[in-house]
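Text of model_2.cif, listed as mmCIF, N, CA and C atoms:
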data_start
loop_
_atom_site.label_atom_id
_atom_site.label_comp_id
_atom_site.auth_asym_id
_atom_site.auth_seq_id
_atom_site.Cartn_x
_atom_site.Cartn_y
_atom_site.Cartn_z
N MET A 1 0.82 -1.19 0.00
CA MET A 1 0.00 0.00 0.00
C MET A 1 0.87 1.26 0.00
N LEU A 2 2.00 1.20 0.70
CA LEU A 2 2.90 2.35 0.72
C LEU A 2 3.47 2.61 -0.68
N LEU A 3 3.86 1.56 -1.38
CA LEU A 3 4.38 1.74 -2.74
C LEU A 3 3.31 2.34 -3.66
N GLN A 4 2.09 1.92 -3.52
CA GLN A 4 1.02 2.48 -4.33
C GLN A 4 0.80 3.95 -3.99
N ASP A 5 0.90 4.30 -2.70
CA ASP A 5 0.80 5.71 -2.31
C ASP A 5 1.88 6.54 -3.00
N LEU A 6 3.10 6.02 -3.04
CA LEU A 6 4.19 6.74 -3.71
C LEU A 6 3.87 6.94 -5.18
N ARG A 7 3.39 5.89 -5.82
CA ARG A 7 3.03 5.99 -7.24
C ARG A 7 1.89 6.99 -7.46
N ASP A 8 0.93 7.01 -6.55
CA ASP A 8 -0.21 7.92 -6.67
C ASP A 8 0.20 9.38 -6.46
N GLU A 9 1.14 9.61 -5.57
CA GLU A 9 1.50 10.97 -5.18
C GLU A 9 2.67 11.57 -5.96
N ILE A 10 3.54 10.73 -6.52
CA ILE A 10 4.74 11.22 -7.21
C ILE A 10 4.68 10.81 -8.67
N ASP A 11 4.46 11.79 -9.54
CA ASP A 11 4.39 11.51 -10.97
C ASP A 11 5.70 10.88 -11.44
N GLY A 12 5.60 9.78 -12.15
CA GLY A 12 6.78 9.11 -12.69
C GLY A 12 7.63 8.42 -11.67
N PHE A 13 7.06 8.07 -10.52
CA PHE A 13 7.86 7.45 -9.46
C PHE A 13 8.66 6.25 -9.97
N ASP A 14 8.02 5.34 -10.69
CA ASP A 14 8.72 4.14 -11.14
C ASP A 14 9.80 4.44 -12.18
N GLN A 15 9.65 5.53 -12.92
CA GLN A 15 10.65 5.89 -13.92
C GLN A 15 11.84 6.64 -13.32
N HIS A 16 11.64 7.33 -12.21
CA HIS A 16 12.68 8.20 -11.65
C HIS A 16 13.25 7.73 -10.32
N ALA A 17 12.67 6.70 -9.74
CA ALA A 17 13.15 6.24 -8.43
C ALA A 17 13.50 4.76 -8.51
N ARG A 18 14.43 4.38 -7.68
CA ARG A 18 14.79 2.97 -7.59
C ARG A 18 14.81 2.59 -6.11
N ILE A 19 14.07 1.58 -5.75
CA ILE A 19 14.02 1.12 -4.37
C ILE A 19 15.24 0.23 -4.14
N LEU A 20 16.04 0.60 -3.16
CA LEU A 20 17.26 -0.15 -2.88
C LEU A 20 17.03 -1.29 -1.90
N ASN A 21 16.06 -1.11 -1.00
CA ASN A 21 15.85 -2.13 0.02
C ASN A 21 14.46 -1.96 0.63
N ILE A 22 13.81 -3.08 0.88
CA ILE A 22 12.56 -3.08 1.63
C ILE A 22 12.71 -4.10 2.74
N ALA A 23 12.49 -3.65 3.95
CA ALA A 23 12.55 -4.54 5.11
C ALA A 23 11.26 -4.40 5.89
N VAL A 24 10.55 -5.48 6.07
CA VAL A 24 9.31 -5.46 6.83
C VAL A 24 9.63 -5.94 8.24
N THR A 25 9.35 -5.08 9.22
CA THR A 25 9.58 -5.44 10.62
C THR A 25 8.26 -5.31 11.37
N ARG A 26 8.04 -6.21 12.29
CA ARG A 26 6.82 -6.18 13.08
C ARG A 26 6.98 -7.07 14.30
N ASP A 27 5.96 -7.16 15.08
CA ASP A 27 5.90 -7.99 16.28
C ASP A 27 6.99 -7.62 17.27
N GLY A 28 8.04 -8.43 17.43
CA GLY A 28 9.04 -8.20 18.45
C GLY A 28 10.06 -7.13 18.13
N CYS A 29 9.88 -6.41 17.03
CA CYS A 29 10.85 -5.40 16.63
C CYS A 29 10.77 -4.19 17.57
N ALA A 30 11.93 -3.76 18.01
CA ALA A 30 11.98 -2.57 18.88
C ALA A 30 11.59 -1.33 18.10
N SER A 31 11.05 -0.34 18.79
CA SER A 31 10.62 0.88 18.10
C SER A 31 11.79 1.70 17.59
N THR A 32 12.91 1.61 18.24
CA THR A 32 14.11 2.27 17.75
C THR A 32 15.20 1.22 17.64
N ARG A 33 15.63 0.96 16.45
CA ARG A 33 16.56 -0.14 16.22
C ARG A 33 18.02 0.24 16.35
N CYS A 34 18.33 1.53 16.36
CA CYS A 34 19.73 1.94 16.41
C CYS A 34 20.22 1.93 17.85
N ARG A 35 21.28 1.23 18.07
CA ARG A 35 21.85 1.13 19.41
C ARG A 35 23.33 1.53 19.36
N GLY A 36 23.76 2.38 20.27
CA GLY A 36 25.17 2.72 20.38
C GLY A 36 25.54 4.01 19.68
N PHE A 37 25.36 4.10 18.39
CA PHE A 37 25.71 5.32 17.68
C PHE A 37 24.80 5.48 16.46
N ASP A 38 24.66 6.72 16.03
CA ASP A 38 23.83 7.01 14.87
C ASP A 38 24.73 7.28 13.66
N LEU A 39 24.20 7.01 12.50
CA LEU A 39 24.89 7.26 11.24
C LEU A 39 24.65 8.70 10.80
N PRO A 40 25.49 9.24 9.93
CA PRO A 40 25.22 10.57 9.40
C PRO A 40 24.13 10.53 8.34
N ARG A 41 23.45 11.65 8.12
CA ARG A 41 22.46 11.70 7.04
C ARG A 41 23.13 11.70 5.68
N ASP A 42 24.30 12.35 5.58
CA ASP A 42 25.03 12.39 4.31
C ASP A 42 25.48 10.99 3.93
N TYR A 43 25.56 10.75 2.64
CA TYR A 43 25.97 9.44 2.13
C TYR A 43 27.02 9.68 1.05
N PRO A 44 28.00 8.80 0.90
CA PRO A 44 29.06 9.04 -0.08
C PRO A 44 28.59 9.10 -1.55
N VAL A 45 27.39 8.63 -1.83
CA VAL A 45 26.85 8.65 -3.19
C VAL A 45 26.04 9.94 -3.36
N ARG A 46 26.39 10.73 -4.37
CA ARG A 46 25.69 12.00 -4.62
C ARG A 46 24.21 11.73 -4.88
N GLY A 47 23.34 12.48 -4.20
CA GLY A 47 21.91 12.35 -4.40
C GLY A 47 21.27 11.26 -3.56
N LEU A 48 22.02 10.70 -2.61
CA LEU A 48 21.47 9.65 -1.74
C LEU A 48 21.75 10.05 -0.29
N TRP A 49 20.73 9.97 0.54
CA TRP A 49 20.85 10.33 1.95
C TRP A 49 20.29 9.21 2.81
N ASN A 50 20.75 9.14 4.04
CA ASN A 50 20.19 8.25 5.05
C ASN A 50 19.10 9.00 5.81
N VAL A 51 17.97 8.36 6.02
CA VAL A 51 16.91 8.92 6.86
C VAL A 51 16.38 7.82 7.77
N GLY A 52 15.73 8.21 8.84
CA GLY A 52 15.13 7.23 9.73
C GLY A 52 15.70 7.31 11.13
N ASP A 53 15.32 6.35 11.96
CA ASP A 53 15.74 6.43 13.37
C ASP A 53 17.19 6.02 13.57
N ALA A 54 17.87 5.56 12.52
CA ALA A 54 19.30 5.25 12.64
C ALA A 54 20.16 6.49 12.42
N VAL A 55 19.55 7.60 12.01
CA VAL A 55 20.28 8.85 11.81
C VAL A 55 19.59 9.99 12.55
N LYS A 56 18.93 9.65 13.60
CA LYS A 56 18.08 10.59 14.34
C LYS A 56 18.88 11.70 15.02
N GLU A 57 18.17 12.78 15.27
CA GLU A 57 18.71 13.85 16.09
C GLU A 57 18.71 13.37 17.55
N TYR A 58 19.49 13.99 18.38
CA TYR A 58 19.61 13.59 19.78
C TYR A 58 18.23 13.57 20.46
N ALA A 59 17.99 12.57 21.26
CA ALA A 59 16.78 12.41 22.08
C ALA A 59 15.52 12.21 21.24
N ASN A 60 15.66 11.59 20.10
CA ASN A 60 14.52 11.32 19.27
C ASN A 60 14.59 9.86 18.82
N GLY A 61 13.51 9.33 18.29
CA GLY A 61 13.54 7.95 17.82
C GLY A 61 12.23 7.54 17.19
N GLY A 62 12.23 6.36 16.62
CA GLY A 62 11.02 5.78 16.05
C GLY A 62 10.46 6.59 14.90
N THR A 63 9.14 6.60 14.80
CA THR A 63 8.45 7.28 13.70
C THR A 63 8.75 8.77 13.68
N THR A 64 8.84 9.39 14.84
CA THR A 64 9.16 10.81 14.92
C THR A 64 10.51 11.09 14.28
N ALA A 65 11.51 10.27 14.59
CA ALA A 65 12.84 10.46 14.01
C ALA A 65 12.81 10.26 12.49
N CYS A 66 12.03 9.32 12.02
CA CYS A 66 11.92 9.09 10.58
C CYS A 66 11.37 10.33 9.89
N ALA A 67 10.31 10.89 10.42
CA ALA A 67 9.71 12.08 9.83
C ALA A 67 10.65 13.27 9.93
N GLU A 68 11.29 13.43 11.07
CA GLU A 68 12.18 14.58 11.26
C GLU A 68 13.38 14.51 10.34
N THR A 69 14.03 13.35 10.24
CA THR A 69 15.21 13.25 9.39
C THR A 69 14.83 13.38 7.92
N ALA A 70 13.66 12.89 7.53
CA ALA A 70 13.20 13.08 6.15
C ALA A 70 13.03 14.57 5.86
N GLN A 71 12.44 15.32 6.79
CA GLN A 71 12.26 16.76 6.59
C GLN A 71 13.60 17.47 6.50
N LEU A 72 14.56 17.09 7.33
CA LEU A 72 15.89 17.70 7.28
C LEU A 72 16.55 17.46 5.92
N VAL A 73 16.40 16.26 5.39
CA VAL A 73 16.98 15.94 4.09
C VAL A 73 16.26 16.71 2.98
N VAL A 74 14.95 16.79 3.05
CA VAL A 74 14.20 17.57 2.05
C VAL A 74 14.65 19.02 2.08
N ASP A 75 14.81 19.59 3.27
CA ASP A 75 15.28 20.98 3.39
C ASP A 75 16.66 21.13 2.75
N GLU A 76 17.54 20.17 2.95
CA GLU A 76 18.88 20.21 2.36
C GLU A 76 18.81 20.11 0.83
N ILE A 77 17.94 19.25 0.32
CA ILE A 77 17.78 19.11 -1.13
C ILE A 77 17.29 20.43 -1.73
N VAL A 78 16.29 21.04 -1.10
CA VAL A 78 15.73 22.29 -1.60
C VAL A 78 16.79 23.39 -1.61
N GLN A 79 17.64 23.44 -0.59
CA GLN A 79 18.68 24.46 -0.51
C GLN A 79 19.83 24.19 -1.49
N THR A 80 20.06 22.92 -1.82
CA THR A 80 21.21 22.54 -2.64
C THR A 80 20.93 22.53 -4.13
N TYR A 81 19.76 22.08 -4.52
CA TYR A 81 19.45 21.86 -5.92
C TYR A 81 18.42 22.85 -6.43
N THR A 82 18.55 23.21 -7.72
CA THR A 82 17.60 24.08 -8.38
C THR A 82 16.64 23.25 -9.21
N LEU A 83 15.37 23.51 -9.07
CA LEU A 83 14.36 22.80 -9.83
C LEU A 83 14.34 23.36 -11.25
N THR A 84 14.49 22.49 -12.23
CA THR A 84 14.41 22.91 -13.62
C THR A 84 13.25 22.19 -14.27
N THR A 85 12.59 22.89 -15.15
CA THR A 85 11.49 22.28 -15.88
C THR A 85 11.75 22.45 -17.37
N SER A 86 11.34 21.49 -18.15
CA SER A 86 11.46 21.61 -19.60
C SER A 86 10.07 21.69 -20.20
N HIS A 87 9.93 22.52 -21.18
CA HIS A 87 8.62 22.69 -21.81
C HIS A 87 8.63 22.12 -23.19
#

Could you write out this structure as structure tokens?
Amino acid sequence: MLLQDLRDEIDGFDQHARILNIAVTRDGCASTRCRGFDLPRDYPVRGLWNVGDAVKEYANGGTTACAETAQLVVDEIVQTYTLTTSH
């Protein structure tokens, strides 16, 4: 259902995006899976960022951290890249 939401909301999702990994967790899964240290949001591959509770801001976790880190990355993308359109 989530993949269909992406297709419904983002024009050309299947043509412009590539899913690298899907992991389904449930039942005994902890709400915050990162233990010990967090990863950086930046990634060595241009145009790819880490988001989620494994790259959370201090004192955050779970779904809140996922939403917050996604927003931080979106803000960085908007500040870094210029939107171009072709007619």

Exercise. Taking the DSSP assignment computed from this structure's backbone, write out as a PyMOL selection string all residues of chain A that belong to helix (DSSP H, G or I).
Key: chain A and resi 2-9+13-16+53-55+62-80

Quiz prompt | range 45-51 of chain A surroundings by all atoms listed in the file, 6 Å radius, close-in-sequence under 5 positions cut, as a VMD selection string | solution = chain A and resid 40 66 69 to 70

Exercise. Would you mind reading off the distance between CA of Leu6 in chain A and CA of Tyr58 in chain A, one decimal, in Å?
Key: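 Calculated distance between CA of Leu6 in chain A and CA of Tyr58 in chain A is 28.9 Å.
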
Practice problem: Tell me, as a ChimeraX atom specification, which residues lie within 6.5 Å of Lys56 in chain A, counting all atoms listed in the file; anything in the same chain fewer than 2 positions away does not count. | Solution: /A:38-39,52-54,58-61,65,69

May I have the residues from that selection written out with N, CA and C atoms, as a compact mmCIF listing (two decimals), in the coordinates of the input?
# COMPACT_ATOMS: atom_id res chain seq x y z
N ASP A 38 24.66 6.72 16.03
CA ASP A 38 23.83 7.01 14.87
C ASP A 38 24.73 7.28 13.66
N LEU A 39 24.20 7.01 12.50
CA LEU A 39 24.89 7.26 11.24
C LEU A 39 24.65 8.70 10.80
N GLY A 52 15.73 8.21 8.84
CA GLY A 52 15.13 7.23 9.73
C GLY A 52 15.70 7.31 11.13
N ASP A 53 15.32 6.35 11.96
CA ASP A 53 15.74 6.43 13.37
C ASP A 53 17.19 6.02 13.57
N ALA A 54 17.87 5.56 12.52
CA ALA A 54 19.30 5.25 12.64
C ALA A 54 20.16 6.49 12.42
N TYR A 58 19.49 13.99 18.38
CA TYR A 58 19.61 13.59 19.78
C TYR A 58 18.23 13.57 20.46
N ALA A 59 17.99 12.57 21.26
CA ALA A 59 16.78 12.41 22.08
C ALA A 59 15.52 12.21 21.24
N ASN A 60 15.66 11.59 20.10
CA ASN A 60 14.52 11.32 19.27
C ASN A 60 14.59 9.86 18.82
N GLY A 61 13.51 9.33 18.29
CA GLY A 61 13.54 7.95 17.82
C GLY A 61 12.23 7.54 17.19
N ALA A 65 11.51 10.27 14.59
CA ALA A 65 12.84 10.46 14.01
C ALA A 65 12.81 10.26 12.49
N THR A 69 14.03 13.35 10.24
CA THR A 69 15.21 13.25 9.39
C THR A 69 14.83 13.38 7.92

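Atom pair CA of Gly62 in chain A / CA of Arg18 in chain A: separated by 24.1 Å.
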
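We find atom N of Asp75 in chain A and atom C of Val55 in chain A to be spaced 14.2 Å apart.
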
Practice problem: I need the residue set behind the PyMOL selection byres (((chain A and resi 3 and name CA) around 12) and name CA) for this file; please write it as a list in words. | Solution: Met1, Leu2, Gln4, Asp5, Leu6, Arg7, Asp8, Glu9, Ile10, Phe13, Asp14, Ala17, Arg18, Ile19 and Ile22 of chain A

Written selection (N, CA and C atoms) as a short mmCIF file (atom, residue, chain, number, x, y, z; two decimals), in the frame of the given file:
data_model
loop_
_atom_site.label_atom_id
_atom_site.label_comp_id
_atom_site.auth_asym_id
_atom_site.auth_seq_id
_atom_site.Cartn_x
_atom_site.Cartn_y
_atom_site.Cartn_z
N MET A 1 0.82 -1.19 0.00
CA MET A 1 0.00 0.00 0.00
C MET A 1 0.87 1.26 0.00
N LEU A 2 2.00 1.20 0.70
CA LEU A 2 2.90 2.35 0.72
C LEU A 2 3.47 2.61 -0.68
N GLN A 4 2.09 1.92 -3.52
CA GLN A 4 1.02 2.48 -4.33
C GLN A 4 0.80 3.95 -3.99
N ASP A 5 0.90 4.30 -2.70
CA ASP A 5 0.80 5.71 -2.31
C ASP A 5 1.88 6.54 -3.00
N LEU A 6 3.10 6.02 -3.04
CA LEU A 6 4.19 6.74 -3.71
C LEU A 6 3.87 6.94 -5.18
N ARG A 7 3.39 5.89 -5.82
CA ARG A 7 3.03 5.99 -7.24
C ARG A 7 1.89 6.99 -7.46
N ASP A 8 0.93 7.01 -6.55
CA ASP A 8 -0.21 7.92 -6.67
C ASP A 8 0.20 9.38 -6.46
N GLU A 9 1.14 9.61 -5.57
CA GLU A 9 1.50 10.97 -5.18
C GLU A 9 2.67 11.57 -5.96
N ILE A 10 3.54 10.73 -6.52
CA ILE A 10 4.74 11.22 -7.21
C ILE A 10 4.68 10.81 -8.67
N PHE A 13 7.06 8.07 -10.52
CA PHE A 13 7.86 7.45 -9.46
C PHE A 13 8.66 6.25 -9.97
N ASP A 14 8.02 5.34 -10.69
CA ASP A 14 8.72 4.14 -11.14
C ASP A 14 9.80 4.44 -12.18
N ALA A 17 12.67 6.70 -9.74
CA ALA A 17 13.15 6.24 -8.43
C ALA A 17 13.50 4.76 -8.51
N ARG A 18 14.43 4.38 -7.68
CA ARG A 18 14.79 2.97 -7.59
C ARG A 18 14.81 2.59 -6.11
N ILE A 19 14.07 1.58 -5.75
CA ILE A 19 14.02 1.12 -4.37
C ILE A 19 15.24 0.23 -4.14
N ILE A 22 13.81 -3.08 0.88
CA ILE A 22 12.56 -3.08 1.63
C ILE A 22 12.71 -4.10 2.74
#

N, CA, C and O atoms modelled onto range 35-48 of chain A, as a short mmCIF file (atom, residue, chain, number, x, y, z; two decimals), keeping the file's coordinate frame:
data_model
loop_
_atom_site.label_atom_id
_atom_site.label_comp_id
_atom_site.auth_asym_id
_atom_site.auth_seq_id
_atom_site.Cartn_x
_atom_site.Cartn_y
_atom_site.Cartn_z
N ARG A 35 21.28 1.23 18.07
CA ARG A 35 21.85 1.13 19.41
C ARG A 35 23.33 1.53 19.36
O ARG A 35 24.06 1.09 18.48
N GLY A 36 23.76 2.38 20.27
CA GLY A 36 25.17 2.72 20.38
C GLY A 36 25.54 4.01 19.68
O GLY A 36 26.02 4.92 20.31
N PHE A 37 25.36 4.10 18.39
CA PHE A 37 25.71 5.32 17.68
C PHE A 37 24.80 5.48 16.46
O PHE A 37 24.25 4.52 15.95
N ASP A 38 24.66 6.72 16.03
CA ASP A 38 23.83 7.01 14.87
C ASP A 38 24.73 7.28 13.66
O ASP A 38 25.85 7.76 13.80
N LEU A 39 24.20 7.01 12.50
CA LEU A 39 24.89 7.26 11.24
C LEU A 39 24.65 8.70 10.80
O LEU A 39 23.68 9.32 11.23
N PRO A 40 25.49 9.24 9.93
CA PRO A 40 25.22 10.57 9.40
C PRO A 40 24.13 10.53 8.34
O PRO A 40 23.89 9.48 7.72
N ARG A 41 23.45 11.65 8.12
CA ARG A 41 22.46 11.70 7.04
C ARG A 41 23.13 11.70 5.68
O ARG A 41 22.61 11.16 4.72
N ASP A 42 24.30 12.35 5.58
CA ASP A 42 25.03 12.39 4.31
C ASP A 42 25.48 10.99 3.93
O ASP A 42 25.78 10.16 4.80
N TYR A 43 25.56 10.75 2.64
CA TYR A 43 25.97 9.44 2.13
C TYR A 43 27.02 9.68 1.05
O TYR A 43 26.97 10.69 0.36
N PRO A 44 28.00 8.80 0.90
CA PRO A 44 29.06 9.04 -0.08
C PRO A 44 28.59 9.10 -1.55
O PRO A 44 29.29 9.58 -2.40
N VAL A 45 27.39 8.63 -1.83
CA VAL A 45 26.85 8.65 -3.19
C VAL A 45 26.04 9.94 -3.36
O VAL A 45 25.11 10.19 -2.58
N ARG A 46 26.39 10.73 -4.37
CA ARG A 46 25.69 12.00 -4.62
C ARG A 46 24.21 11.73 -4.88
O ARG A 46 23.85 10.84 -5.65
N GLY A 47 23.34 12.48 -4.20
CA GLY A 47 21.91 12.35 -4.40
C GLY A 47 21.27 11.26 -3.56
O GLY A 47 20.10 10.95 -3.74
N LEU A 48 22.02 10.70 -2.61
CA LEU A 48 21.47 9.65 -1.74
C LEU A 48 21.75 10.05 -0.29
O LEU A 48 22.85 10.46 0.05
#
